[in-house]
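Structure file run06.cif (mmCIF, C-alpha atoms) is printed below.
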data_input
#
loop_
_atom_site.label_atom_id
_atom_site.label_comp_id
_atom_site.auth_asym_id
_atom_site.auth_seq_id
_atom_site.Cartn_x
_atom_site.Cartn_y
_atom_site.Cartn_z
CA MET A 571 -14.42 -23.80 25.49
CA GLY A 572 -17.11 -21.14 25.77
CA ASP A 573 -20.31 -21.26 23.71
CA TYR A 574 -19.21 -18.25 21.70
CA ARG A 575 -16.09 -20.10 20.52
CA ARG A 576 -18.12 -23.10 19.37
CA ILE A 577 -20.33 -20.76 17.36
CA ALA A 578 -17.25 -19.04 15.97
CA ASP A 579 -15.89 -22.46 14.96
CA ARG A 580 -19.06 -23.14 12.95
CA ILE A 581 -18.78 -19.80 11.15
CA ALA A 582 -15.10 -20.53 10.49
CA ASP A 583 -16.10 -23.89 8.95
CA ASP A 584 -18.59 -22.10 6.71
CA ILE A 585 -15.85 -19.75 5.54
CA ALA A 586 -13.36 -22.57 4.97
CA SER A 587 -15.90 -24.61 2.97
CA GLY A 588 -16.96 -21.67 0.81
CA ARG A 589 -20.51 -21.51 2.17
CA LEU A 590 -19.59 -17.99 3.25
CA ARG A 591 -17.70 -16.32 0.41
CA PRO A 592 -14.98 -13.63 0.47
CA GLY A 593 -16.56 -10.20 0.73
CA GLN A 594 -19.92 -11.55 1.96
CA ARG A 595 -21.52 -9.44 4.68
CA LEU A 596 -22.47 -11.15 7.94
CA SER A 597 -25.77 -10.39 9.62
CA PRO A 598 -25.88 -7.46 12.05
CA GLN A 599 -25.03 -8.70 15.53
CA ARG A 600 -28.59 -8.25 16.84
CA ALA A 601 -30.03 -10.32 13.99
CA PHE A 602 -27.29 -12.91 14.46
CA ALA A 603 -28.11 -13.15 18.18
CA ARG A 604 -31.84 -13.62 17.50
CA ARG A 605 -31.25 -16.30 14.87
CA HIS A 606 -28.91 -18.29 17.13
CA GLY A 607 -30.90 -17.72 20.32
CA ILE A 608 -27.99 -16.10 22.16
CA ALA A 609 -27.45 -12.86 24.00
CA GLY A 610 -26.30 -9.79 22.12
CA SER A 611 -23.11 -9.74 24.19
CA THR A 612 -22.37 -13.33 23.15
CA ALA A 613 -22.86 -12.41 19.49
CA GLY A 614 -20.40 -9.60 20.00
CA ARG A 615 -17.85 -12.07 21.39
CA VAL A 616 -18.38 -14.37 18.39
CA TYR A 617 -17.68 -11.54 15.96
CA ALA A 618 -14.67 -10.38 17.99
CA GLU A 619 -13.29 -13.94 17.93
CA LEU A 620 -13.69 -14.11 14.15
CA VAL A 621 -11.86 -10.80 13.82
CA ARG A 622 -9.10 -12.09 16.11
CA ARG A 623 -8.67 -15.16 13.89
CA GLY A 624 -8.39 -12.93 10.82
CA LEU A 625 -11.47 -14.45 9.18
CA VAL A 626 -13.62 -11.31 9.01
CA VAL A 627 -13.09 -7.58 9.03
CA GLY A 628 -15.40 -5.07 10.69
CA GLU A 629 -15.98 -1.78 8.89
CA VAL A 630 -17.47 1.04 10.93
CA GLY A 631 -20.88 2.03 9.56
CA ARG A 632 -20.92 -0.77 6.98
CA GLY A 633 -20.85 -4.06 8.88
CA THR A 634 -18.72 -7.18 9.15
CA PHE A 635 -17.42 -8.91 6.02
CA VAL A 636 -15.65 -12.20 5.29
CA ARG A 637 -12.02 -11.55 4.46
CA ALA A 638 -10.69 -12.45 1.05
CA ALA A 639 -8.15 -14.77 2.69
CA ALA A 640 -7.58 -15.88 6.23
CA ALA A 641 -4.75 -14.09 7.96
CA GLY A 642 -1.67 -16.24 8.59
CA PRO A 643 -0.36 -17.05 12.04
CA TYR A 644 2.04 -14.74 13.81
CA GLY A 645 4.83 -17.03 12.65
CA ARG A 646 4.76 -15.25 9.28
CA ALA A 647 6.94 -12.60 10.88
CA ILE A 648 9.89 -14.70 9.74
CA VAL A 649 8.66 -16.38 6.52
CA GLU A 650 5.94 -15.01 4.26
CA ALA A 651 3.44 -17.57 3.04
CA ALA A 652 3.24 -18.18 -0.68
CA THR A 653 0.01 -18.31 -2.64
CA THR A 654 -1.22 -20.83 -5.16
CA ALA A 655 -2.69 -18.16 -7.43
CA PRO A 656 -1.23 -18.32 -10.98
CA VAL A 657 -0.20 -14.65 -10.86
CA ASN A 658 1.16 -13.49 -7.52
CA LEU A 659 1.02 -9.74 -6.92
CA GLU A 660 1.41 -10.22 -3.15
CA LEU A 661 5.02 -11.33 -2.78
CA ASN A 662 7.38 -8.69 -4.08
CA TYR A 663 10.99 -9.75 -4.67
CA PRO A 664 12.56 -8.19 -7.78
CA SER A 665 14.78 -10.39 -9.91
CA ALA A 666 17.22 -9.27 -12.59
CA PRO A 667 17.65 -11.15 -15.90
CA GLY A 668 20.58 -13.56 -15.60
CA GLN A 669 20.69 -13.02 -11.84
CA SER A 670 21.70 -16.58 -10.95
CA GLU A 671 24.54 -16.56 -13.46
CA LEU A 672 25.75 -13.28 -11.99
CA LEU A 673 25.63 -14.58 -8.42
CA ALA A 674 27.21 -17.99 -8.96
CA PRO A 675 30.91 -17.04 -9.41
CA ALA A 676 31.20 -15.56 -5.91
CA LEU A 677 29.88 -18.78 -4.38
CA ALA A 678 32.41 -21.06 -6.06
CA PRO A 679 35.34 -20.21 -3.70
CA LEU A 680 33.10 -20.91 -0.69
CA LEU A 681 32.81 -24.54 -1.78
CA ARG A 682 36.54 -25.26 -1.27
CA PRO A 683 36.76 -27.52 1.79
CA ASP A 684 39.08 -25.21 3.74
CA VAL A 685 36.93 -22.13 3.05
CA LEU A 686 33.67 -24.02 3.57
CA THR A 687 34.79 -25.20 7.01
CA GLU A 688 35.13 -21.59 8.14
CA ALA A 689 31.94 -20.48 6.37
CA LEU A 690 29.89 -23.06 8.25
CA ARG A 691 30.92 -21.83 11.69
CA PRO A 692 28.40 -19.74 13.70
CA ALA A 693 28.53 -16.01 12.99
CA PRO A 694 28.34 -13.45 15.81
CA ALA A 695 25.90 -10.56 15.55
CA THR A 696 28.87 -8.29 14.91
CA GLY A 697 30.01 -10.35 11.90
CA THR A 698 33.59 -9.59 10.93
CA ALA A 699 35.52 -6.35 10.60
CA ALA A 700 35.59 -6.79 6.81
CA ALA A 701 31.82 -7.39 6.72
CA ARG A 702 31.15 -4.27 8.78
CA GLU A 703 33.28 -2.12 6.49
CA ALA A 704 31.68 -3.54 3.34
CA THR A 705 28.20 -2.98 4.74
CA ALA A 706 29.00 0.57 5.78
CA ASP A 707 30.12 1.30 2.22
CA LEU A 708 26.98 -0.32 0.78
CA LEU A 709 24.58 1.66 2.98
CA ALA A 710 26.40 4.99 2.75
CA THR A 711 24.72 8.01 1.17
CA PRO A 712 26.28 11.35 0.19
CA ALA A 713 25.32 12.80 3.58
CA TRP A 714 25.70 9.75 5.84
CA ARG A 715 27.96 6.76 6.32
CA PRO A 716 27.43 4.24 9.11
CA VAL A 717 30.13 3.83 11.73
CA PRO A 718 31.34 0.29 10.94
CA ASP A 719 31.65 -0.70 14.59
CA ARG A 720 27.93 -0.03 15.02
CA VAL A 721 26.88 -2.43 12.24
CA LEU A 722 25.19 -5.69 13.25
CA PHE A 723 23.88 -8.63 11.22
CA SER A 724 20.77 -10.80 11.35
CA GLY A 725 19.24 -13.48 9.17
CA ASN A 726 17.11 -10.96 7.25
CA ALA A 727 15.65 -7.48 7.61
CA ARG A 728 12.47 -8.72 9.28
CA GLN A 729 14.54 -10.36 11.98
CA ALA A 730 16.49 -7.12 12.31
CA ILE A 731 13.22 -5.27 12.97
CA ALA A 732 12.15 -7.88 15.52
CA ALA A 733 15.47 -7.78 17.34
CA THR A 734 15.60 -3.99 17.44
CA LEU A 735 12.05 -3.68 18.77
CA ALA A 736 12.70 -6.45 21.32
CA SER A 737 15.72 -4.51 22.57
CA LEU A 738 13.79 -1.26 22.85
CA VAL A 739 10.26 -2.11 23.97
CA ARG A 740 9.05 -4.18 26.89
CA PRO A 741 5.84 -6.22 26.65
CA GLY A 742 2.91 -3.84 26.98
CA GLY A 743 4.88 -0.96 25.49
CA ARG A 744 3.63 1.30 22.70
CA VAL A 745 5.30 1.81 19.32
CA GLY A 746 4.23 4.65 17.06
CA VAL A 747 3.89 3.79 13.36
CA GLU A 748 2.52 5.31 10.19
CA PRO A 749 -1.23 4.63 9.80
CA LEU A 750 -0.41 2.21 6.96
CA THR A 751 2.55 0.03 7.82
CA TYR A 752 4.40 -3.13 6.87
CA PRO A 753 2.01 -5.99 7.78
CA LEU A 754 4.71 -8.17 9.31
CA VAL A 755 5.50 -5.40 11.81
CA ARG A 756 1.99 -5.91 13.13
CA GLU A 757 2.74 -9.61 13.57
CA ILE A 758 6.13 -8.96 15.15
CA ALA A 759 4.45 -6.58 17.60
CA GLY A 760 1.89 -9.25 18.45
CA ARG A 761 4.62 -11.78 19.18
CA LEU A 762 6.45 -9.29 21.39
CA GLY A 763 3.31 -8.17 23.25
CA VAL A 764 3.71 -4.64 21.91
CA THR A 765 0.89 -2.26 20.98
CA LEU A 766 1.15 -0.34 17.70
CA VAL A 767 -0.17 3.22 17.73
CA ALA A 768 -1.29 4.68 14.41
CA LEU A 769 0.10 8.21 14.03
CA GLU A 770 -1.08 10.81 11.54
CA ALA A 771 0.42 11.11 8.08
CA ASP A 772 -0.26 13.13 4.96
CA GLY A 773 1.01 13.16 1.38
CA GLY A 774 4.47 14.07 2.68
CA GLY A 775 4.79 11.26 5.21
CA LEU A 776 4.55 11.15 9.00
CA ARG A 777 3.42 14.35 10.70
CA PRO A 778 5.88 15.15 13.49
CA GLU A 779 3.27 16.89 15.63
CA SER A 780 1.33 13.62 15.80
CA VAL A 781 4.37 11.96 17.39
CA VAL A 782 4.46 14.57 20.14
CA ALA A 783 0.69 14.39 20.69
CA ALA A 784 0.64 10.59 20.92
CA HIS A 785 3.60 10.55 23.30
CA ARG A 786 1.94 13.07 25.60
CA THR A 787 -1.28 11.04 25.64
CA ALA A 788 0.56 7.89 26.76
CA PRO A 789 4.34 7.55 26.44
CA LEU A 790 5.66 5.78 23.37
CA SER A 791 8.63 3.45 23.67
CA ALA A 792 9.79 3.79 20.05
CA LEU A 793 8.81 4.64 16.47
CA TYR A 794 8.93 2.39 13.41
CA LEU A 795 9.03 4.30 10.12
CA GLN A 796 9.66 3.87 6.39
CA PRO A 797 10.57 7.41 5.25
CA THR A 798 11.98 6.33 1.85
CA LEU A 799 9.60 4.68 -0.65
CA HIS A 800 7.07 3.84 2.02
CA ASN A 801 5.35 0.50 1.55
CA PRO A 802 2.55 0.54 0.36
CA THR A 803 2.10 4.20 -0.65
CA SER A 804 5.63 4.76 -2.13
CA VAL A 805 5.83 8.19 -0.43
CA THR A 806 9.33 9.51 0.24
CA THR A 807 9.54 12.01 3.09
CA SER A 808 11.25 15.27 2.17
CA GLU A 809 14.41 16.51 3.87
CA PRO A 810 12.63 19.36 5.72
CA ARG A 811 10.04 16.93 7.08
CA ARG A 812 12.79 14.53 8.15
CA ARG A 813 14.48 17.32 10.07
CA GLU A 814 11.18 18.10 11.80
CA ILE A 815 10.71 14.45 12.75
CA ALA A 816 14.29 14.33 14.03
CA ASP A 817 13.69 17.46 16.12
CA ALA A 818 10.57 15.86 17.62
CA VAL A 819 12.24 12.58 18.60
CA ARG A 820 15.27 14.40 20.03
CA GLU A 821 12.95 16.54 22.14
CA LEU A 822 11.19 13.42 23.42
CA GLY A 823 14.28 11.19 23.62
CA LEU A 824 12.33 8.67 21.55
CA PRO A 825 14.18 5.83 19.77
CA VAL A 826 13.40 5.19 16.09
CA VAL A 827 13.57 2.09 13.90
CA GLU A 828 14.12 3.35 10.34
CA ASP A 829 13.30 0.70 7.73
CA ARG A 830 15.28 1.37 4.54
CA ILE A 831 14.75 -1.96 2.78
CA TRP A 832 13.57 -0.29 -0.48
CA SER A 833 15.83 2.76 -0.30
CA PHE A 834 18.40 1.27 -2.71
CA LEU A 835 15.94 2.04 -5.53
CA HIS A 836 16.04 5.78 -4.73
CA PRO A 837 19.62 7.02 -5.23
CA ASP A 838 18.62 10.67 -4.74
CA SER A 839 16.61 10.14 -1.56
CA PRO A 840 17.22 12.60 1.31
CA ALA A 841 19.65 11.40 3.96
CA PRO A 842 18.36 8.82 6.45
CA LEU A 843 16.81 10.01 9.68
CA ALA A 844 19.95 8.60 11.27
CA ALA A 845 21.87 11.53 9.80
CA TYR A 846 19.71 13.98 11.76
CA ALA A 847 19.27 12.05 15.04
CA PRO A 848 22.20 9.61 15.19
CA GLY A 849 21.85 9.02 18.91
CA LEU A 850 18.31 7.64 18.53
CA VAL A 851 17.83 6.11 15.10
CA HIS A 852 18.37 2.39 14.42
CA VAL A 853 18.64 1.73 10.66
CA VAL A 854 17.38 -1.58 9.25
CA ASP A 855 18.24 -2.82 5.77
CA GLY A 856 19.18 -6.06 4.03
CA LEU A 857 19.97 -7.99 0.88
CA SER A 858 16.62 -9.66 0.19
CA LYS A 859 15.41 -6.98 -2.25
CA ARG A 860 18.83 -6.08 -3.62
CA VAL A 861 19.81 -9.72 -4.22
CA ALA A 862 17.33 -12.53 -3.47
CA PRO A 863 15.21 -13.72 -0.54
CA GLY A 864 16.64 -17.24 -0.37
CA LEU A 865 20.20 -16.39 0.69
CA THR A 866 20.08 -13.09 2.49
CA VAL A 867 21.42 -11.06 5.40
CA GLY A 868 19.81 -8.33 7.48
CA PHE A 869 21.72 -5.18 8.48
CA LEU A 870 21.32 -3.00 11.55
CA VAL A 871 23.12 0.26 12.21
CA VAL A 872 22.63 1.17 15.86
CA PRO A 873 23.35 4.31 17.89
CA GLU A 874 26.43 4.59 20.04
CA GLY A 875 26.19 2.38 23.11
CA ARG A 876 23.50 0.11 21.64
CA VAL A 877 25.62 -2.64 20.08
CA GLU A 878 25.57 -4.93 23.11
CA ALA A 879 21.82 -4.63 23.78
CA VAL A 880 20.72 -5.18 20.18
CA GLY A 881 23.31 -7.93 19.69
CA ALA A 882 21.93 -9.72 22.75
CA ALA A 883 18.40 -9.49 21.30
CA ILE A 884 19.61 -11.02 18.04
CA ARG A 885 21.20 -13.92 19.88
CA SER A 886 18.30 -14.57 22.25
CA GLY A 887 15.77 -14.47 19.42
CA GLY A 888 17.75 -16.90 17.29
CA TRP A 889 17.98 -14.22 14.61
CA SER A 890 21.70 -14.41 13.86
CA ALA A 891 22.88 -14.38 10.26
CA GLY A 892 24.20 -17.63 8.85
CA ARG A 893 27.96 -17.45 8.33
CA PHE A 894 27.67 -18.91 4.81
CA ALA A 895 25.07 -16.30 3.82
CA LEU A 896 27.16 -13.54 5.40
CA GLU A 897 30.28 -14.63 3.51
CA ALA A 898 28.36 -14.88 0.23
CA GLY A 899 26.72 -11.50 0.75
CA MET A 900 30.00 -9.77 1.47
CA ARG A 901 31.58 -11.26 -1.66
CA TRP A 902 28.67 -10.01 -3.75
CA ILE A 903 29.05 -6.55 -2.25
CA THR A 904 32.81 -6.25 -2.65
CA ASP A 905 33.03 -7.67 -6.18
CA GLY A 906 30.40 -5.25 -7.50
CA THR A 907 27.66 -7.84 -8.06
CA VAL A 908 25.19 -6.09 -5.76
CA ALA A 909 25.80 -2.74 -7.47
CA ARG A 910 25.13 -4.30 -10.88
CA LEU A 911 21.95 -5.95 -9.63
CA VAL A 912 20.76 -2.65 -8.14
CA ASP A 913 21.22 -0.84 -11.46
CA THR A 914 19.28 -3.53 -13.30
CA LYS A 915 16.49 -3.61 -10.72
CA ARG A 916 16.06 0.16 -10.90
CA GLU A 917 15.54 -0.20 -14.63
CA GLY A 918 13.08 -3.03 -14.02
CA ALA A 919 11.06 -0.92 -11.59
CA ALA A 920 10.73 1.87 -14.15
CA ALA A 921 9.61 -0.57 -16.85
CA ARG A 922 6.97 -2.15 -14.62
CA HIS A 923 5.75 1.26 -13.53
CA ARG A 924 5.14 2.09 -17.18
CA LEU A 925 2.85 -0.94 -17.37
CA VAL A 926 0.85 0.39 -14.43
CA VAL A 927 0.46 3.75 -16.18
CA GLU A 928 -0.58 2.09 -19.43
CA GLU A 929 -3.10 -0.34 -17.94
CA LEU A 930 -4.39 1.53 -14.86
CA GLY A 931 -3.87 5.14 -15.87
CA GLU A 932 -7.58 5.96 -15.60
CA PHE A 933 -7.70 4.97 -11.93
CA ALA A 934 -6.48 6.52 -8.67
CA VAL A 935 -3.18 4.64 -8.42
CA ARG A 936 -0.22 5.96 -6.45
CA ALA A 937 3.16 4.55 -7.45
CA ASP A 938 6.57 6.17 -7.57
CA PRO A 939 8.36 5.22 -10.81
CA LEU A 940 11.21 3.93 -8.62
CA THR A 941 9.11 1.34 -6.79
CA TYR A 942 7.92 -2.20 -7.37
CA TYR A 943 4.50 -1.64 -5.81
CA ALA A 944 1.38 0.43 -6.42
CA TRP A 945 -1.33 1.62 -4.02
CA TRP A 946 -4.70 1.55 -5.78
CA GLU A 947 -7.61 3.46 -4.25
CA LEU A 948 -10.51 1.51 -5.69
CA PRO A 949 -13.49 3.07 -7.44
CA ALA A 950 -16.92 2.73 -5.80
CA PRO A 951 -18.61 0.43 -5.02
CA TRP A 952 -15.58 -1.85 -4.63
CA ARG A 953 -14.18 -2.59 -1.19
CA ALA A 954 -10.71 -3.95 -0.61
CA ASP A 955 -11.75 -7.44 0.46
CA THR A 956 -14.41 -7.94 -2.19
CA PHE A 957 -12.03 -6.76 -4.93
CA THR A 958 -9.31 -9.04 -3.58
CA GLY A 959 -11.73 -11.94 -3.69
CA ALA A 960 -12.79 -11.07 -7.24
CA ALA A 961 -9.14 -10.88 -8.31
CA ALA A 962 -8.48 -14.28 -6.74
CA ALA A 963 -11.39 -15.73 -8.73
CA HIS A 964 -9.50 -14.62 -11.85
CA GLY A 965 -6.23 -16.18 -10.69
CA ILE A 966 -4.58 -13.01 -9.35
CA ALA A 967 -3.34 -12.64 -5.77
CA ILE A 968 -3.28 -9.06 -4.46
CA THR A 969 -3.07 -7.57 -0.97
CA PRO A 970 -6.10 -5.74 0.49
CA GLY A 971 -5.44 -2.36 2.07
CA THR A 972 -6.73 -3.67 5.40
CA ALA A 973 -3.53 -5.73 5.69
CA PHE A 974 -1.56 -2.49 6.09
CA SER A 975 -3.99 -0.56 8.31
CA VAL A 976 -2.91 -0.31 11.94
CA ASP A 977 -6.27 0.89 13.27
CA PRO A 978 -8.83 -1.91 12.79
CA LYS A 979 -11.56 0.72 12.54
CA VAL A 980 -9.89 2.22 9.46
CA THR A 981 -10.49 0.03 6.42
CA PRO A 982 -9.13 1.70 3.28
CA ASP A 983 -10.89 0.79 0.04
CA ALA A 984 -7.54 0.19 -1.59
CA VAL A 985 -5.22 -2.66 -2.57
CA ARG A 986 -1.48 -2.99 -2.98
CA LEU A 987 -0.14 -4.47 -6.18
CA GLY A 988 3.31 -6.03 -5.93
CA LEU A 989 4.94 -5.59 -9.34
CA ALA A 990 8.19 -7.48 -8.85
CA SER A 991 7.49 -11.20 -8.80
CA ALA A 992 5.31 -11.82 -11.88
CA ALA A 993 6.81 -12.17 -15.35
CA VAL A 994 6.24 -9.03 -17.42
CA PRO A 995 3.70 -10.60 -19.85
CA ASP A 996 1.75 -12.06 -16.90
CA LEU A 997 1.90 -8.73 -15.09
CA ARG A 998 0.47 -6.87 -18.08
CA ARG A 999 -2.38 -9.36 -18.48
CA ALA A 1000 -3.09 -9.26 -14.74
CA LEU A 1001 -3.23 -5.47 -14.69
CA ARG A 1002 -5.53 -5.49 -17.70
CA THR A 1003 -7.81 -8.01 -16.02
CA LEU A 1004 -7.91 -5.98 -12.81
CA ALA A 1005 -8.73 -2.85 -14.80
CA GLY A 1006 -11.67 -4.69 -16.33
CA LEU A 1007 -12.90 -5.74 -12.91
CA ALA A 1008 -12.57 -2.26 -11.45
CA GLY A 1009 -14.29 -0.74 -14.47
CA GLY A 1010 -17.46 -2.64 -13.74
CA ALA A 1011 -17.03 -6.21 -14.95
CA GLY A 1012 -18.38 -8.53 -12.29
CA ALA A 1013 -19.20 -12.18 -11.82
CA GLY A 1014 -20.48 -13.66 -15.04
CA THR A 1015 -19.30 -10.66 -17.08
CA PRO A 1016 -16.44 -11.08 -19.56
CA VAL A 1017 -13.25 -9.40 -18.35
CA PRO A 1018 -10.53 -8.21 -20.75
CA GLY A 1019 -7.83 -10.86 -20.78
CA GLY A 1020 -10.05 -13.47 -19.10
CA ARG A 1021 -8.81 -15.65 -16.25
CA ILE A 1022 -5.07 -15.48 -15.62
CA GLY A 1023 -3.34 -18.85 -16.04
#

Now, as a test, write the supplied structure out as structure tokens.
Amino acid sequence: MGDYRRIADRIADDIASGRLRPGQRLSPQRAFARRHGIAGSTAGRVYAELVRRGLVVGEVGRGTFVRAAAAGPYGRAIVEAATTAPVNLELNYPSAPGQSELLAPALAPLLRPDVLTEALRPAPATGTAAAREATADLLATPAWRPVPDRVLFSGNARQAIAATLASLVRPGGRVGVEPLTYPLVREIAGRLGVTLVALEADGGGLRPESVVAAHRTAPLSALYLQPTLHNPTSVTTSEPRRREIADAVRELGLPVVEDRIWSFLHPDSPAPLAAYAPGLVHVVDGLSKRVAPGLTVGFLVVPEGRVEAVGAAIRSGGWSAGRFALEAGMRWITDGTVARLVDTKREGAAARHRLVVEELGEFAVRADPLTYYAWWELPAPWRADTFTGAAAAHGIAITPGTAFSVDPKVTPDAVRLGLASAAVPDLRRALRTLAGLAGGAGAGTPVPGGRIG
């Protein structure tokens, strides 16, 4: 092991023990090199190693800071880590009142021995004809309905993203994404040896001219986009902009992975990109947000001629849907359970959005009333990591904006608040506490609501 790694290990120990606290600024590299008696280039390698491990974040013009929490391993692409904080505004799975009671009846028939025997057999990526039809009906919009024979199934939507990208992009390839993107896509890309390229976006979503410019600079292999209720900003791309994006990808012959996991909350959203460029767009969706994360299924709608290639990627990655979960999901879809849950969760999103308006209305918070998340551009002098650390000290887990930023040189002073998982009274108290922090209350200063939990 090189000397720089041993030094990085010591700094990592200081972070783990609390001797270096979240948000604390490390010495400039020249000063660090002098203090440790090493070359400036070695100090640079130490800092780069700490960044690689997810322990610090470098901010251009401001320095290097200890992250609020160490980044998880790439394995989180399949399972998100939980937090021990009393109020968790990181994980974001909406739940409807009485949800378990609503779901249970459809599971009872699966427990009959004859039915259970079939439900425990392996499921192919293509599922069954009945499952494909039910899924096509579920995902259909007024202007678009999937072709059932192009519907595939995976264990969850994240696995659907991984399989689709694996089928489209070779190691070393480049995938264009919005400048703020789903953090697990970054981890999936790392596992696949794929480079993410941050494209330009504005208040209306991805700018199509940036796709063309990036592709001409060095060819892209695919795009990954969230045009409906983008996470974390909640932006929904307009129909004219979608047509422009579709025109651009058709001109370039560029495949697209369209993530629609939150689209069920927006019944009046413009048609999917797949409606405008059906030969290129791969649609990803699933049941984790509509139903629950513990027993879920991922959906893929692929262009004509792509079923075999994407299905092979699902099988080789071990990302196939469980037959029991697939059978349960299809029963919930066909008996109307999913539709009832969706209606209730839309109402829940609106109610939780009202709490955000009431408690954080004085701040620069972007949140569509249809969503379960809010993007908060923090007031000066707060930075994302220091505010995240301060929130954690008050028992509240939030996600720093750096987790969503594709370009490591771009460090937004913003945080994402997941509104779905906390009980409503806890959510209100957490938002009130965060408002007190942002308004100027610091360490040793009373904060409205006090420590959560």

Applied to this file, what does the PyMOL selection byres ((chain A and resi 742-753) around 10) return in terms of residues, put as an mmCIF file with C-alpha atoms, keeping the file's coordinate frame?
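Below is the file that was written, part-v4.cif:
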data_model
loop_
_atom_site.group_PDB
_atom_site.id
_atom_site.type_symbol
_atom_site.label_atom_id
_atom_site.label_comp_id
_atom_site.auth_asym_id
_atom_site.auth_seq_id
_atom_site.Cartn_x
_atom_site.Cartn_y
_atom_site.Cartn_z
ATOM 1 C CA ARG A 646 4.760 -15.250 9.280
ATOM 2 C CA ALA A 647 6.940 -12.600 10.880
ATOM 3 C CA LEU A 735 12.050 -3.680 18.770
ATOM 4 C CA LEU A 738 13.790 -1.260 22.850
ATOM 5 C CA VAL A 739 10.260 -2.110 23.970
ATOM 6 C CA ARG A 740 9.050 -4.180 26.890
ATOM 7 C CA PRO A 741 5.840 -6.220 26.650
ATOM 8 C CA LEU A 754 4.710 -8.170 9.310
ATOM 9 C CA VAL A 755 5.500 -5.400 11.810
ATOM 10 C CA ARG A 756 1.990 -5.910 13.130
ATOM 11 C CA GLU A 757 2.740 -9.610 13.570
ATOM 12 C CA ILE A 758 6.130 -8.960 15.150
ATOM 13 C CA ALA A 759 4.450 -6.580 17.600
ATOM 14 C CA LEU A 762 6.450 -9.290 21.390
ATOM 15 C CA GLY A 763 3.310 -8.170 23.250
ATOM 16 C CA VAL A 764 3.710 -4.640 21.910
ATOM 17 C CA THR A 765 0.890 -2.260 20.980
ATOM 18 C CA LEU A 766 1.150 -0.340 17.700
ATOM 19 C CA VAL A 767 -0.170 3.220 17.730
ATOM 20 C CA ALA A 768 -1.290 4.680 14.410
ATOM 21 C CA LEU A 769 0.100 8.210 14.030
ATOM 22 C CA GLU A 770 -1.080 10.810 11.540
ATOM 23 C CA ALA A 771 0.420 11.110 8.080
ATOM 24 C CA ASP A 772 -0.260 13.130 4.960
ATOM 25 C CA GLY A 775 4.790 11.260 5.210
ATOM 26 C CA LEU A 776 4.550 11.150 9.000
ATOM 27 C CA ARG A 777 3.420 14.350 10.700
ATOM 28 C CA SER A 780 1.330 13.620 15.800
ATOM 29 C CA VAL A 781 4.370 11.960 17.390
ATOM 30 C CA ALA A 784 0.640 10.590 20.920
ATOM 31 C CA HIS A 785 3.600 10.550 23.300
ATOM 32 C CA ALA A 788 0.560 7.890 26.760
ATOM 33 C CA PRO A 789 4.340 7.550 26.440
ATOM 34 C CA LEU A 790 5.660 5.780 23.370
ATOM 35 C CA SER A 791 8.630 3.450 23.670
ATOM 36 C CA ALA A 792 9.790 3.790 20.050
ATOM 37 C CA LEU A 793 8.810 4.640 16.470
ATOM 38 C CA TYR A 794 8.930 2.390 13.410
ATOM 39 C CA LEU A 795 9.030 4.300 10.120
ATOM 40 C CA GLN A 796 9.660 3.870 6.390
ATOM 41 C CA PRO A 797 10.570 7.410 5.250
ATOM 42 C CA HIS A 800 7.070 3.840 2.020
ATOM 43 C CA ASN A 801 5.350 0.500 1.550
ATOM 44 C CA PRO A 802 2.550 0.540 0.360
ATOM 45 C CA THR A 803 2.100 4.200 -0.650
ATOM 46 C CA PRO A 825 14.180 5.830 19.770
ATOM 47 C CA VAL A 826 13.400 5.190 16.090
ATOM 48 C CA VAL A 827 13.570 2.090 13.900
ATOM 49 C CA ASP A 829 13.300 0.700 7.730
ATOM 50 C CA GLY A 971 -5.440 -2.360 2.070
ATOM 51 C CA THR A 972 -6.730 -3.670 5.400
ATOM 52 C CA ALA A 973 -3.530 -5.730 5.690
ATOM 53 C CA PHE A 974 -1.560 -2.490 6.090
ATOM 54 C CA SER A 975 -3.990 -0.560 8.310
ATOM 55 C CA VAL A 976 -2.910 -0.310 11.940
ATOM 56 C CA ASP A 977 -6.270 0.890 13.270
ATOM 57 C CA VAL A 980 -9.890 2.220 9.460
ATOM 58 C CA PRO A 982 -9.130 1.700 3.280
#

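Nearest-residue note for Phe894 (chain A): choosing from A:Val877, A:Val867, A:Val927, A:Leu1007, the minimum distance belongs to A:Val867, counting all atoms listed in the file.
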
In Å, how far is it from CA of Phe834 (chain A) to CA of Leu709 (chain A)?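 A separation of 8.4 Å between them.
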
For each of A:Gln594, A:Thr1003, A:Thr958, A:Thr634, take the minimum atom-to-atom distance to Glu660 (chain A), counting only C-alpha atoms, then give the residue where this is smallest. A:Thr958

Selection dump of the PyMOL selection byres ((chain A and resi 807) around 8), as number ranges by chain: A: 774-776, 797-798, 805-806, 808-809, 811-812, 840

Write a file of the just-selected residues containing C-alpha atoms, as a PDB file, in the coordinates of the input.
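Now in result13.pdb:
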ATOM      1  CA  GLY A 774       4.470  14.070   2.680  1.00  0.00           C
ATOM      2  CA  GLY A 775       4.790  11.260   5.210  1.00  0.00           C
ATOM      3  CA  LEU A 776       4.550  11.150   9.000  1.00  0.00           C
ATOM      4  CA  PRO A 797      10.570   7.410   5.250  1.00  0.00           C
ATOM      5  CA  THR A 798      11.980   6.330   1.850  1.00  0.00           C
ATOM      6  CA  VAL A 805       5.830   8.190  -0.430  1.00  0.00           C
ATOM      7  CA  THR A 806       9.330   9.510   0.240  1.00  0.00           C
ATOM      8  CA  SER A 808      11.250  15.270   2.170  1.00  0.00           C
ATOM      9  CA  GLU A 809      14.410  16.510   3.870  1.00  0.00           C
ATOM     10  CA  ARG A 811      10.040  16.930   7.080  1.00  0.00           C
ATOM     11  CA  ARG A 812      12.790  14.530   8.150  1.00  0.00           C
ATOM     12  CA  PRO A 840      17.220  12.600   1.310  1.00  0.00           C
TER      13      PRO A 840
END
